[in-house]
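Asker: The structure is given below, and queries will be raised subsequently.
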Number of protein chains: 4
Amino acid sequence: MLGESARLRVAVLGASGFAGGELVRLLLAHPHVELGHLAANESAGRTVAEVHPHLAASPVGGWVLAPLDAASAADQASVAFLSLPHGSSATLAPALLDAGLRVVDLAGDFRLPAAAYPDWYGFEHPATAWLEKAVYGLPELFASDIAGASLVANPGCYPTPVVLGLAPLLLAGLIEPGPIVVDGKTGLSGAGRALAEATSYAATEESVRPYRFPAHQHTPEMERALELASGIPASVSFVPHLVPSVRGVLVTCYAALAPGATTDSLTDCLASAYGGAPFVRVLPPGDMADTKRTRGSNLVELQAVADRRTGTAIVAGALDNLVKGAAGQAVQNMNLMAGFEQTTGLTATAVYP
Amino acid sequence: MLGESARLRVAVLGASGFAGGELVRLLLAHPHVELGHLAANESAGRTVAEVHPHLAASPVGGWVLAPLDAASAADQASVAFLSLPHGSSATLAPALLDAGLRVVDLAGDFRLPAAAYPDWYGFEHPATAWLEKAVYGLPELFASDIAGASLVANPGCYPTPVVLGLAPLLLAGLIEPGPIVVDGKTGLSGAGRALAEATSYAATEESVRPYRFPAHQHTPEMERALELASGIPASVSFVPHLVPSVRGVLVTCYAALAPGATTDSLTDCLASAYGGAPFVRVLPPGDMADTKRTRGSNLVELQAVADRRTGTAIVAGALDNLVKGAAGQAVQNMNLMAGFEQTTGLTATAVYP
Amino acid sequence: MLGESARLRVAVLGASGFAGGELVRLLLAHPHVELGHLAANESAGRTVAEVHPHLAASPVGGWVLAPLDAASAADQASVAFLSLPHGSSATLAPALLDAGLRVVDLAGDFRLPAAAYPDWYGFEHPATAWLEKAVYGLPELFASDIAGASLVANPGCYPTPVVLGLAPLLLAGLIEPGPIVVDGKTGLSGAGRALAEATSYAATEESVRPYRFPAHQHTPEMERALELASGIPASVSFVPHLVPSVRGVLVTCYAALAPGATTDSLTDCLASAYGGAPFVRVLPPGDMADTKRTRGSNLVELQAVADRRTGTAIVAGALDNLVKGAAGQAVQNMNLMAGFEQTTGLTATAVYP
Amino acid sequence: MLGESARLRVAVLGASGFAGGELVRLLLAHPHVELGHLAANESAGRTVAEVHPHLAASPVGGWVLAPLDAASAADQASVAFLSLPHGSSATLAPALLDAGLRVVDLAGDFRLPAAAYPDWYGFEHPATAWLEKAVYGLPELFASDIAGASLVANPGCYPTPVVLGLAPLLLAGLIEPGPIVVDGKTGLSGAGRALAEATSYAATEESVRPYRFPAHQHTPEMERALELASGIPASVSFVPHLVPSVRGVLVTCYAALAPGATTDSLTDCLASAYGGAPFVRVLPPGDMADTKRTRGSNLVELQAVADRRTGTAIVAGALDNLVKGAAGQAVQNMNLMAGFEQTTGLTATAVYP
């Protein structure tokens with residue numbers, strides 16, 4: 001475990017995307033961390049200011065992004081964040097781990113069993129030994145495993161609120177394990193920074209549309225994490241949608257309600273599961289989850305309702321996909337790994353309105 | 001049945017809201033219709049231009065909105081559209097009908113059985129005899145009833161794509177009747193024109209949130225219309241959401257898939273049900289429904305997918321809530337009632353992007 | 001002049017961009033026109049439905065876009081609209097004209113004197129003889145020239161409201177000729193359909209920014225058209241801005257106010273200049289121009305205010321950049337050329353909200 | 001001057017509006033400050049969580065807003081921020097000052113000479129003695145006056161970038177004093193939290209429109225502050241516009257260019273004026289100011305261009321109207337008054353995208 005006296009030197013590999021930029025923003029504000037290394041793939045050689053103009057006035061605005069290289073990262077940091085396209089971490093993380101770094105991977109490369117990769121991600125996993133050692137980095141459920149992990153698989157933006165919202169209810173027997181319907185809505189930052197007509201302003205404003213279903217790779221992640229957390233195998237049918245927003249994920253989950261369960265019993269179960277969790281806000285009955293209230297913060301809002309007429313439990317969860325759904329959760333995981341308070345550097349409230 | 005030679009004189013009662021304004025816009029472009037009477041409740045005495053500045057340059061820009069009065073409407077029109085808050089039509093429509101007009105009601109006052117009104121709308125229905133004669137105005141499913149009706153209950157914005165998307169599948173035995181999950185997303189025009197902080201720009205941009213569930217009054221309407229169309233009682237759990245958009249409703253429906261059903265068989269079933277329907281576009285497998293492509297037009301897009309892994313049928317439907325979800329469908333109903341081609345005045349394609 | 005009895009066959013060359021799609025949308029609704037030929041450059045070989053999914057359900061949804069070729073166009077049409085990137089029309093239009101078509105060019109290739117092209121557009125004009133015969137297609141000011149023209153240069157989106165708003169005031173001596181400040185704001189459809197990070201949703205929402213100034217090519221077009229219309233040489237300093245919107249251009253023009261001029265005298269001058277103009281709405285003092293009220297329609301709103309304290313005349317103008325700022329104005333020009341009523345096919349009111 | 005050892009206790013009077021909520025957000029993150037008192041007018045008696053749901057999870061979420069009362073504020077704080085509608089501070093601030101507090105007023109009540117209030121704000125100023133002692137709180141220009149002030153008039157959102165952008169150029173003789181055109185664009189949070197149809201989502205999306213000109217009360221504030229900073233009387237013609245955004249002000253200023261001035265000389269002048277200013281970023285020639293890059297941060301971006309063809313200097317400035325345009329600047333002023341580093345609590349970079 002790392003001490004708090006000296007600053008922890010960290011690296012961000014894949015610093016040019018949206019999640020990478022958010023990692024830099026959050027790490028700049030972290031009192032116990034020093035940025036030691038920023039690297040990128042196609043953007044290597046460009047400055048942070050060129051790639052992220054909003055960081056031009058920051059202390060790292062003039063830094064030149066290094067190429068992706070495990071040895072250089074190991075020279076300059078003891079913890080590495082990987083924020084690369086799916087498939088890249090699976091080969092880069094082992095090199096970093098072998099060089100002695102601890103790693104938080106923001107891609108999907110260490111979230112599933114090896115057997116699932118060909119179907120859901122389209123590749124054979126090249127590092128199954130490390131895959132077995134990876135810890136799923138949902139701090140509210142797996143904090144102690146994370147604290148001792150060398151390799152943390154940071155959860156996806158959709159699975160985070162789904163698993164937080166459903167796992168305690170499954171465990172308590174208040175909902176049935178499946179099939180559970182998950183209807184997800186995301187802003188455009190969730191689609192990444194690559195150019196496409198579908199993510200242009202002209203095509204997006206006034207557009208609401210589903211995408212990539214039923215094959216979205218977050219589906220098996222939800223199923224696996226629910227089973228990890230509750231011990232109960234669950235089946236999920238998941239449809240993600242793009243809505244005209246930049247940040248924010250809202251998931252609405254529908255499961256069969258156990259006999260006798262009520263809005264109050266669902267809400268109490270969640271409230272008691274997350275009583276000490278600083279980033280989870282369980283809404284009182286009647287309040288509605290709202291992505292806007294989480295913008296820029298590490299908060300997740302959870303709301304549970306029993307539709308007793310049809311026997312359906314409905315759980316809504318809202319978060320900022322780049323913070324609690326990506327970079328903020330990664331910093332939270334790093335805090336646990338380093339022995340810091342998990343809220344360190346993450347106390348900012350949402351920028352509202 | 002009304003002849004096509006002379007222009008049909010129509011009245012709009014409740015012309016000051018969003019759906020009322022849309023009715024005026026569409027009726028102005030209708031070749032066989034003449035606006036005879038425009039009335040409003042609180043806005044009576046104001047001009048169309050004051051209430052709808054975008055219609056200031058139109059031929060009715062200078063008209064003064066009359067107060068709501070059945071006799072005046074009957075003097076100036078033979079068909080009346082009612083676009084008033086829920087509860088108002090239940091008393092006004094009978095007076096109009098008794099005065100000899102035919103009526104298309106855009107509110108929910110004639111869509112449910114009498115027994116459902118106290119629970120879902122909060123009032124005892126005052127005109128149960130007319131309620132029993134009212135025809136549910138979904139032209140693709142009930143065209144012949146509509147043609148002969150005196151009173152048409154124009155469907156709600158959410159039920160329209162839900163019923164169009166699910167009824168043929170229920171009837172064909174490709175999906176199970178329940179509980180069916182309906183996850184709805186609407187733009188802000190669906191919330192009406194009344195002022196509220198929740199519908200302000202500052203509170204809405206970057207906000208995705210559910211509202212008024214599980215008690216939304218479109219729930220029993222979906223259940224009833226599905227049964228009317230298929231003969232099979234269905235149970236629906238419905239959660240509507242507000243997303244940052246002005247127009248557009250997207251519904252995503254989840255039902256248990258019958259054994260053996262596939263994306264192709266679901267799609268074929270819908271395509272064959274709506275082969276001759278000018279306003280329904282069944283998307284080929286792989287294409288995604290998109291509200292933006294319907295903006296300003298009377299089109300509804302339907303998409304069906306079989307998630308065979310979990311045994312779930314997923315049907316997405318998109319439309320413009322003020323056109324096919326309200327005023328356009330009302331004009332389509334009027335066309336059927338008057339013996340016009342149902343597409344008359346409704347052929348405009350979407351204003352895109 | 002073409003007769004009204006038979007339908008006029010028209011071609012759209014460059015049908016794949018935003019203005020091209022809008023031309024198709026408007027021409028489909030035109031009662032005296034038949035689409036004869038649709039062509040594109042890079043999108044040749046694709047169907048209209050692939051390129052413009054919102055037109056998939058229209059009668060031309062299945063058409064395959066032809067390659068750009070003057071002879072084919074001449075076989076199938078007597079009027080051609082060119083909606084191509086700047087520089088393409090300068091070579092294609094002469095071939096079409098030589099083949100006997102009349103041409104409306106939506107690019108900037110025939111709007112300026114030959115000498116201006118190297119500086120403002122970056123090329124030597126290849127067809128100066130035709131350039132001299134081209135008529136500037138602002139129907140409210142040059143209707144009679146347009147009626148007899150073979151080649152009409154359809155104005156730019158920004159110059160249209162600027163010239164309509166300022167020319168009568170210049171001519172009447174109510175404002176001074178310069179330098180006049182023009183501050184323009186446009187939605188993203190004005191940036192065209194080519195992909196760029198700057199036009200992505202993530203970069204655009206919550207972003208207001210100037211672009212390409214003081215070298216924007218609409219600057220000399222404003223100066224030249226003001227002089228054409230008023231006989232007075234004017235000097236314009238123009239800064240365009242991108243705002244988070246899809247359609248809509250608002251220009252705010254600032255000129256030195258002549259002694260004695262007032263808000264009323266400015267407004268009266270505009271009202272009298274456009275008394276018979278069906279698409280110009282001069283707002284009464286106190287009303288504010290609003291792009292939203294023009295969305296989807298061929299309307300332009302003009303507002304004039306005298307800031308007597310500082311001696312400044314302020315003229316604001318609003319329009320839909322794809323309609324009155326491009327395709328709608330092009331159809332209006334075609335109407336004049338063909339001897340139709342200029343409002344034919346253009347009477348739709350705005351889709352609001 | 002207050003020491004840094006103990007925490008400074010501060011009050012926010014008018015904590016329920018957008019700027020009030022932003023003050024609370026920023027002050028919660030300030031290491032040397034303790035919130036001592038939160039008060040409101042109409043919202044007194046409600047909790048912070050009710051009024052600002054995004055602060056529900058913060059340490060003050062459960063606080064009940066006190067009524068406006070100088071004595072109570074004085075008991076619990078030594079510095080008071082006033083964030084009330086124009087006209088309220090003029091009577092409340094003197095009571096707070098008499099009770100020994102130092103005051104930062106975010107309204108316009110202490111920004112102008114007494115004689116200007118009837119014309120521009122519609123009231124006779126009731127506290128002209130204090131008005132004369134008030135210091136205009138633009139820290140980059142008046143830091144030493146602010147440090148010693150009892151009463152600071154925090155600048156308006158529009159005047160901040162205008163004065164920062166123009167004052168050094170006026171002083172250096174690079175631009176002429178007038179009339180200067182200022183074209184402003186703001187997001188909806190600038191319109192405040194009061195309900196109005198004009199600020200609804202339905203009326204705002206896709207709408208760009210000017211408002212309240214030429215009588216906007218920031219006009220004389222710009223003129224006065226420019227003269228305070230440069231010694232040169234300036235004349236400003238100002239038109240503000242609403243654009244579909246929540247945060248962000250962009251101003252585009254047009255002044256007559258002095259002979260010989262160039263983009264480089266304008267840029268150098270600004271860069272040298274703000275070389276040590278931590279919150280001002282002068283953009284290199286070619287870069288464009290962008291409100292989005294300032295969202296949530298105290299940064300202001302300035303860009304200067306010489307349009308030598310027309311003899312016009314163009315200066316664009318961008319900021320977040322709730323931070324550098326209101327609450328952030330107020331905290332910056334408090335830092336100066338208390339002897340803290342002016343960046344304390346204000347180092348967060350923008351939340352982008």
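In the structure tokens, chains take the letters A, B, ... in the order shown, each chain's residues start at 1, and ligands count up from 1 in the order shown.
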Tell me, as a ChimeraX atom specification, which residues lie within 12 Å of B:Leu55, counting only C-alpha atoms; anything in the same chain fewer than 2 positions away does not count.
Answerer: /B:15-16,20-26,28,47-53,57-63 /C:281,292-295,297,299,347-353
Asker: If you keep N, CA, C and O atoms, can you produce a file of those selected residues as a compact mmCIF listing (two decimals), in the first residue's frame?
Answerer:
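Full text of selection-v9.txt as output:
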# COMPACT_ATOMS: atom_id res chain seq x y z
N ALA B 15 -56.99 26.21 -29.32
CA ALA B 15 -56.03 26.49 -30.40
C ALA B 15 -54.75 27.12 -29.89
O ALA B 15 -53.85 27.39 -30.67
N SER B 16 -54.64 27.33 -28.58
CA SER B 16 -53.49 28.10 -28.09
C SER B 16 -52.32 27.25 -27.63
O SER B 16 -51.23 27.78 -27.43
N GLY B 20 -52.67 22.53 -30.53
CA GLY B 20 -53.60 23.43 -31.22
C GLY B 20 -52.90 24.21 -32.32
O GLY B 20 -53.43 24.35 -33.43
N GLY B 21 -51.73 24.73 -32.04
CA GLY B 21 -50.97 25.45 -33.05
C GLY B 21 -50.61 24.54 -34.22
O GLY B 21 -50.62 24.96 -35.39
N GLU B 22 -50.28 23.30 -33.89
CA GLU B 22 -49.92 22.35 -34.95
C GLU B 22 -51.14 22.01 -35.81
O GLU B 22 -51.03 21.86 -37.04
N LEU B 23 -52.30 21.90 -35.18
CA LEU B 23 -53.52 21.70 -35.96
C LEU B 23 -53.72 22.84 -36.95
O LEU B 23 -54.02 22.62 -38.14
N VAL B 24 -53.56 24.06 -36.49
CA VAL B 24 -53.74 25.21 -37.39
C VAL B 24 -52.73 25.14 -38.53
O VAL B 24 -53.08 25.33 -39.70
N ARG B 25 -51.46 24.85 -38.19
CA ARG B 25 -50.43 24.75 -39.23
C ARG B 25 -50.82 23.72 -40.29
O ARG B 25 -50.73 23.97 -41.50
N LEU B 26 -51.27 22.55 -39.86
CA LEU B 26 -51.60 21.49 -40.81
C LEU B 26 -52.88 21.80 -41.58
O LEU B 26 -52.97 21.54 -42.79
N LEU B 28 -54.09 24.70 -42.31
CA LEU B 28 -53.83 25.76 -43.30
C LEU B 28 -53.31 25.17 -44.61
O LEU B 28 -53.54 25.73 -45.69
N THR B 47 -55.01 37.42 -30.31
CA THR B 47 -54.94 37.01 -31.72
C THR B 47 -54.06 35.76 -31.87
O THR B 47 -53.25 35.45 -31.00
N VAL B 48 -54.24 35.10 -32.99
CA VAL B 48 -53.38 33.96 -33.32
C VAL B 48 -51.92 34.40 -33.33
O VAL B 48 -51.04 33.71 -32.82
N ALA B 49 -51.64 35.57 -33.88
CA ALA B 49 -50.26 36.05 -33.95
C ALA B 49 -49.65 36.25 -32.56
O ALA B 49 -48.47 36.01 -32.35
N GLU B 50 -50.46 36.69 -31.63
CA GLU B 50 -49.94 36.88 -30.27
C GLU B 50 -49.63 35.54 -29.61
O GLU B 50 -48.65 35.39 -28.88
N VAL B 51 -50.49 34.58 -29.83
CA VAL B 51 -50.36 33.30 -29.16
C VAL B 51 -49.35 32.40 -29.88
O VAL B 51 -48.61 31.65 -29.25
N HIS B 52 -49.31 32.49 -31.20
CA HIS B 52 -48.41 31.68 -32.02
C HIS B 52 -47.67 32.59 -32.98
O HIS B 52 -48.04 32.68 -34.16
N PRO B 53 -46.63 33.26 -32.54
CA PRO B 53 -45.94 34.20 -33.44
C PRO B 53 -45.48 33.58 -34.75
O PRO B 53 -45.36 34.28 -35.75
N ALA B 57 -47.58 35.48 -39.91
CA ALA B 57 -47.64 35.81 -41.33
C ALA B 57 -48.63 34.95 -42.10
O ALA B 57 -48.77 35.09 -43.31
N SER B 58 -49.34 34.06 -41.41
CA SER B 58 -50.30 33.18 -42.09
C SER B 58 -51.63 33.89 -42.26
O SER B 58 -51.87 34.95 -41.66
N PRO B 59 -52.52 33.32 -43.06
CA PRO B 59 -53.83 33.97 -43.29
C PRO B 59 -54.66 34.15 -42.03
O PRO B 59 -55.56 34.99 -42.01
N VAL B 60 -54.39 33.38 -40.97
CA VAL B 60 -55.19 33.54 -39.76
C VAL B 60 -54.45 34.31 -38.67
O VAL B 60 -54.90 34.35 -37.52
N GLY B 61 -53.30 34.91 -39.03
CA GLY B 61 -52.51 35.62 -38.02
C GLY B 61 -53.30 36.65 -37.24
O GLY B 61 -53.09 36.85 -36.04
N GLY B 62 -54.22 37.31 -37.91
CA GLY B 62 -54.96 38.38 -37.26
C GLY B 62 -56.25 37.92 -36.58
O GLY B 62 -56.93 38.74 -35.95
N TRP B 63 -56.60 36.67 -36.69
CA TRP B 63 -57.85 36.19 -36.07
C TRP B 63 -57.78 36.32 -34.56
O TRP B 63 -56.75 36.05 -33.94
N ARG C 281 -41.19 39.54 -43.34
CA ARG C 281 -42.03 40.03 -42.27
C ARG C 281 -41.24 41.09 -41.50
O ARG C 281 -40.25 40.78 -40.84
N LYS C 292 -36.21 30.75 -34.66
CA LYS C 292 -37.06 29.58 -34.46
C LYS C 292 -38.38 29.71 -35.20
O LYS C 292 -38.95 28.71 -35.63
N ARG C 293 -38.87 30.92 -35.33
CA ARG C 293 -40.15 31.12 -36.00
C ARG C 293 -40.06 30.94 -37.51
O ARG C 293 -41.08 31.01 -38.21
N THR C 294 -38.84 30.78 -38.04
CA THR C 294 -38.68 30.62 -39.48
C THR C 294 -38.36 29.18 -39.87
O THR C 294 -38.28 28.87 -41.06
N ARG C 295 -38.19 28.32 -38.90
CA ARG C 295 -37.68 26.96 -39.15
C ARG C 295 -38.56 26.16 -40.11
O ARG C 295 -39.73 25.88 -39.83
N SER C 297 -39.54 27.18 -43.00
CA SER C 297 -40.33 28.04 -43.90
C SER C 297 -39.42 28.98 -44.68
O SER C 297 -38.24 29.12 -44.37
N LEU C 299 -39.63 32.16 -44.76
CA LEU C 299 -39.80 33.49 -44.19
C LEU C 299 -38.47 34.11 -43.76
O LEU C 299 -37.57 33.42 -43.31
N THR C 347 -45.43 27.74 -49.40
CA THR C 347 -46.35 28.39 -48.45
C THR C 347 -46.34 27.76 -47.06
O THR C 347 -47.04 28.25 -46.17
N ALA C 348 -45.58 26.71 -46.86
CA ALA C 348 -45.60 26.07 -45.55
C ALA C 348 -45.16 27.05 -44.46
O ALA C 348 -44.21 27.81 -44.63
N THR C 349 -45.88 27.02 -43.35
CA THR C 349 -45.47 27.84 -42.22
C THR C 349 -44.41 27.07 -41.43
O THR C 349 -44.18 25.89 -41.63
N ALA C 350 -43.76 27.77 -40.53
CA ALA C 350 -42.67 27.16 -39.77
C ALA C 350 -43.18 26.02 -38.90
O ALA C 350 -44.32 26.04 -38.42
N VAL C 351 -42.33 25.03 -38.71
CA VAL C 351 -42.61 23.94 -37.79
C VAL C 351 -42.17 24.40 -36.40
O VAL C 351 -40.98 24.44 -36.10
N TYR C 352 -43.13 24.79 -35.57
CA TYR C 352 -42.82 25.40 -34.27
C TYR C 352 -43.66 24.76 -33.19
O TYR C 352 -44.85 24.54 -33.43
N PRO C 353 -43.24 24.42 -32.05
CA PRO C 353 -41.87 24.68 -31.58
C PRO C 353 -40.96 23.55 -32.06
O PRO C 353 -41.44 22.61 -32.65
Asker: Quick one: which residues from chain C are at most 9 Å off chain D, using only C-alpha atoms, as number ranges by chain?
Answerer: C: 178-181, 183, 185-187, 202-215, 235-237, 239, 243-250, 252, 254, 286, 288-293, 295, 305-307, 309-312, 314, 316, 318, 352-353
Asker: Return as a PyMOL selection string the full set of residues in stretch 14-149 of chain C whose backbone-based DSSP assignment is alpha helix (DSSP H).
Answerer: chain C and resi 18-28+48-51+70-76+89-98+117-120+128-133+139-147
Asker: For stretch 120-133 of chain B, list every protein, DNA or RNA residue within 10 Å, evaluated using only C-alpha atoms, and leave out those in the same chain fewer than 2 positions away; present the list as a PyMOL selection string.
Answerer: chain B and resi 86-87+89-94+97+108-118+135-136+149-153+215-221
Asker: If you count only C-alpha atoms, which residues fall within 7 Å of stretch 230-232 of chain D, apart from same-chain ones fewer than 3 positions away, as a ChimeraX atom specification?
Answerer: /D:167,170-171,226-227
Asker: Mind giving me the straight-line distance from atom CA of A:Gly17 to atom CA of A:Asn154 in Å, one decimal?
Answerer: 16.2 Å
Asker: Given only C-alpha atoms as the basis, pick out the residue of A:Ala234, A:Ala198, A:Val162, A:Ala73 nearest to A:Ala304.
Answerer: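 Residue with the minimum atom-to-atom distance to A:Ala304: A:Val162.
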Asker: Would you mind listing what lies within 10 Å of C:Ala273 as a list of chain:residue names, with only C-alpha atoms counted and same-chain residues fewer than 3 positions away left out?
Answerer: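 So the residues in contact are C:Glu140, C:Leu141, C:Leu164, C:Gly165, C:Ala167, C:Pro168, C:Leu169, C:Thr267, C:Asp268, C:Cys269, C:Leu270, C:Gly276, C:Ala277, C:Val280, C:Val282.
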Asker: Write the selection just made, keeping all heavy atoms, as a JSON list (two decimals), in the first residue's frame?
Answerer:
[["chain", "number", "residue", "atom", "x", "y", "z"],
["C", 140, "GLU", "N", -36.70, 39.63, -53.84],
["C", 140, "GLU", "CA", -37.37, 40.84, -53.36],
["C", 140, "GLU", "C", -36.75, 42.10, -53.95],
["C", 140, "GLU", "O", -37.38, 43.16, -53.95],
["C", 140, "GLU", "CB", -37.31, 40.89, -51.82],
["C", 140, "GLU", "CG", -38.22, 39.88, -51.14],
["C", 140, "GLU", "CD", -37.68, 38.45, -51.16],
["C", 140, "GLU", "OE1", -36.49, 38.28, -51.52],
["C", 140, "GLU", "OE2", -38.44, 37.52, -50.85],
["C", 141, "LEU", "N", -35.52, 42.00, -54.45],
["C", 141, "LEU", "CA", -34.86, 43.18, -54.99],
["C", 141, "LEU", "C", -34.64, 43.13, -56.49],
["C", 141, "LEU", "O", -34.55, 44.17, -57.14],
["C", 141, "LEU", "CB", -33.51, 43.40, -54.28],
["C", 141, "LEU", "CG", -33.61, 43.66, -52.77],
["C", 141, "LEU", "CD1", -32.22, 43.78, -52.15],
["C", 141, "LEU", "CD2", -34.44, 44.92, -52.48],
["C", 164, "LEU", "N", -31.32, 42.37, -47.53],
["C", 164, "LEU", "CA", -32.74, 42.76, -47.41],
["C", 164, "LEU", "C", -32.93, 43.81, -46.32],
["C", 164, "LEU", "O", -33.72, 44.73, -46.47],
["C", 164, "LEU", "CB", -33.60, 41.52, -47.09],
["C", 164, "LEU", "CG", -33.74, 40.50, -48.23],
["C", 164, "LEU", "CD1", -34.53, 39.28, -47.74],
["C", 164, "LEU", "CD2", -34.47, 41.13, -49.43],
["C", 165, "GLY", "N", -32.17, 43.68, -45.25],
["C", 165, "GLY", "CA", -32.37, 44.60, -44.12],
["C", 165, "GLY", "C", -31.72, 45.95, -44.30],
["C", 165, "GLY", "O", -32.22, 46.96, -43.79],
["C", 167, "ALA", "N", -30.36, 47.36, -47.51],
["C", 167, "ALA", "CA", -30.42, 48.06, -48.80],
["C", 167, "ALA", "C", -31.46, 49.19, -48.82],
["C", 167, "ALA", "O", -31.15, 50.32, -49.24],
["C", 167, "ALA", "CB", -30.66, 47.07, -49.94],
["C", 168, "PRO", "N", -32.69, 48.94, -48.35],
["C", 168, "PRO", "CA", -33.66, 50.05, -48.40],
["C", 168, "PRO", "C", -33.24, 51.23, -47.51],
["C", 168, "PRO", "O", -33.52, 52.39, -47.85],
["C", 168, "PRO", "CB", -34.95, 49.40, -47.87],
["C", 168, "PRO", "CG", -34.78, 47.93, -48.11],
["C", 168, "PRO", "CD", -33.32, 47.68, -47.92],
["C", 169, "LEU", "N", -32.58, 50.95, -46.40],
["C", 169, "LEU", "CA", -32.17, 52.03, -45.50],
["C", 169, "LEU", "C", -31.04, 52.85, -46.11],
["C", 169, "LEU", "O", -31.00, 54.08, -45.99],
["C", 169, "LEU", "CB", -31.74, 51.45, -44.15],
["C", 169, "LEU", "CG", -32.77, 50.56, -43.45],
["C", 169, "LEU", "CD1", -32.21, 50.06, -42.11],
["C", 169, "LEU", "CD2", -34.09, 51.29, -43.23],
["C", 267, "THR", "N", -38.19, 51.42, -39.43],
["C", 267, "THR", "CA", -39.19, 50.35, -39.59],
["C", 267, "THR", "C", -40.13, 50.66, -40.75],
["C", 267, "THR", "O", -40.44, 49.78, -41.57],
["C", 267, "THR", "CB", -39.98, 50.19, -38.28],
["C", 267, "THR", "OG1", -39.05, 49.92, -37.22],
["C", 267, "THR", "CG2", -40.97, 49.04, -38.38],
["C", 268, "ASP", "N", -40.56, 51.90, -40.83],
["C", 268, "ASP", "CA", -41.46, 52.28, -41.92],
["C", 268, "ASP", "C", -40.80, 52.09, -43.27],
["C", 268, "ASP", "O", -41.44, 51.66, -44.24],
["C", 268, "ASP", "CB", -41.89, 53.74, -41.76],
["C", 268, "ASP", "CG", -42.83, 53.94, -40.59],
["C", 268, "ASP", "OD1", -43.31, 52.92, -40.03],
["C", 268, "ASP", "OD2", -43.07, 55.10, -40.21],
["C", 269, "CYS", "N", -39.54, 52.44, -43.35],
["C", 269, "CYS", "CA", -38.82, 52.30, -44.62],
["C", 269, "CYS", "C", -38.80, 50.84, -45.06],
["C", 269, "CYS", "O", -39.07, 50.52, -46.23],
["C", 269, "CYS", "CB", -37.41, 52.85, -44.46],
["C", 269, "CYS", "SG", -36.35, 52.57, -45.89],
["C", 270, "LEU", "N", -38.49, 49.94, -44.12],
["C", 270, "LEU", "CA", -38.47, 48.51, -44.47],
["C", 270, "LEU", "C", -39.87, 48.01, -44.80],
["C", 270, "LEU", "O", -40.06, 47.25, -45.76],
["C", 270, "LEU", "CB", -37.86, 47.69, -43.33],
["C", 270, "LEU", "CG", -36.37, 47.91, -43.06],
["C", 270, "LEU", "CD1", -35.91, 47.10, -41.85],
["C", 270, "LEU", "CD2", -35.54, 47.52, -44.29],
["C", 276, "GLY", "N", -45.32, 44.29, -50.42],
["C", 276, "GLY", "CA", -45.92, 43.22, -51.20],
["C", 276, "GLY", "C", -45.11, 41.94, -51.22],
["C", 276, "GLY", "O", -45.43, 41.02, -51.96],
["C", 277, "ALA", "N", -44.08, 41.89, -50.43],
["C", 277, "ALA", "CA", -43.19, 40.71, -50.47],
["C", 277, "ALA", "C", -43.74, 39.62, -49.56],
["C", 277, "ALA", "O", -43.81, 39.82, -48.35],
["C", 277, "ALA", "CB", -41.78, 41.12, -50.04],
["C", 280, "VAL", "N", -41.24, 38.32, -46.55],
["C", 280, "VAL", "CA", -40.54, 39.22, -45.64],
["C", 280, "VAL", "C", -41.53, 39.73, -44.60],
["C", 280, "VAL", "O", -42.58, 40.27, -44.95],
["C", 280, "VAL", "CB", -39.92, 40.42, -46.38],
["C", 280, "VAL", "CG1", -39.15, 41.31, -45.40],
["C", 280, "VAL", "CG2", -38.99, 39.93, -47.49],
["C", 282, "VAL", "N", -41.64, 42.35, -41.65],
["C", 282, "VAL", "CA", -40.99, 43.43, -40.91],
["C", 282, "VAL", "C", -41.68, 43.54, -39.55],
["C", 282, "VAL", "O", -42.90, 43.74, -39.48],
["C", 282, "VAL", "CB", -41.08, 44.76, -41.68],
["C", 282, "VAL", "CG1", -40.44, 45.89, -40.89],
["C", 282, "VAL", "CG2", -40.41, 44.61, -43.06]]
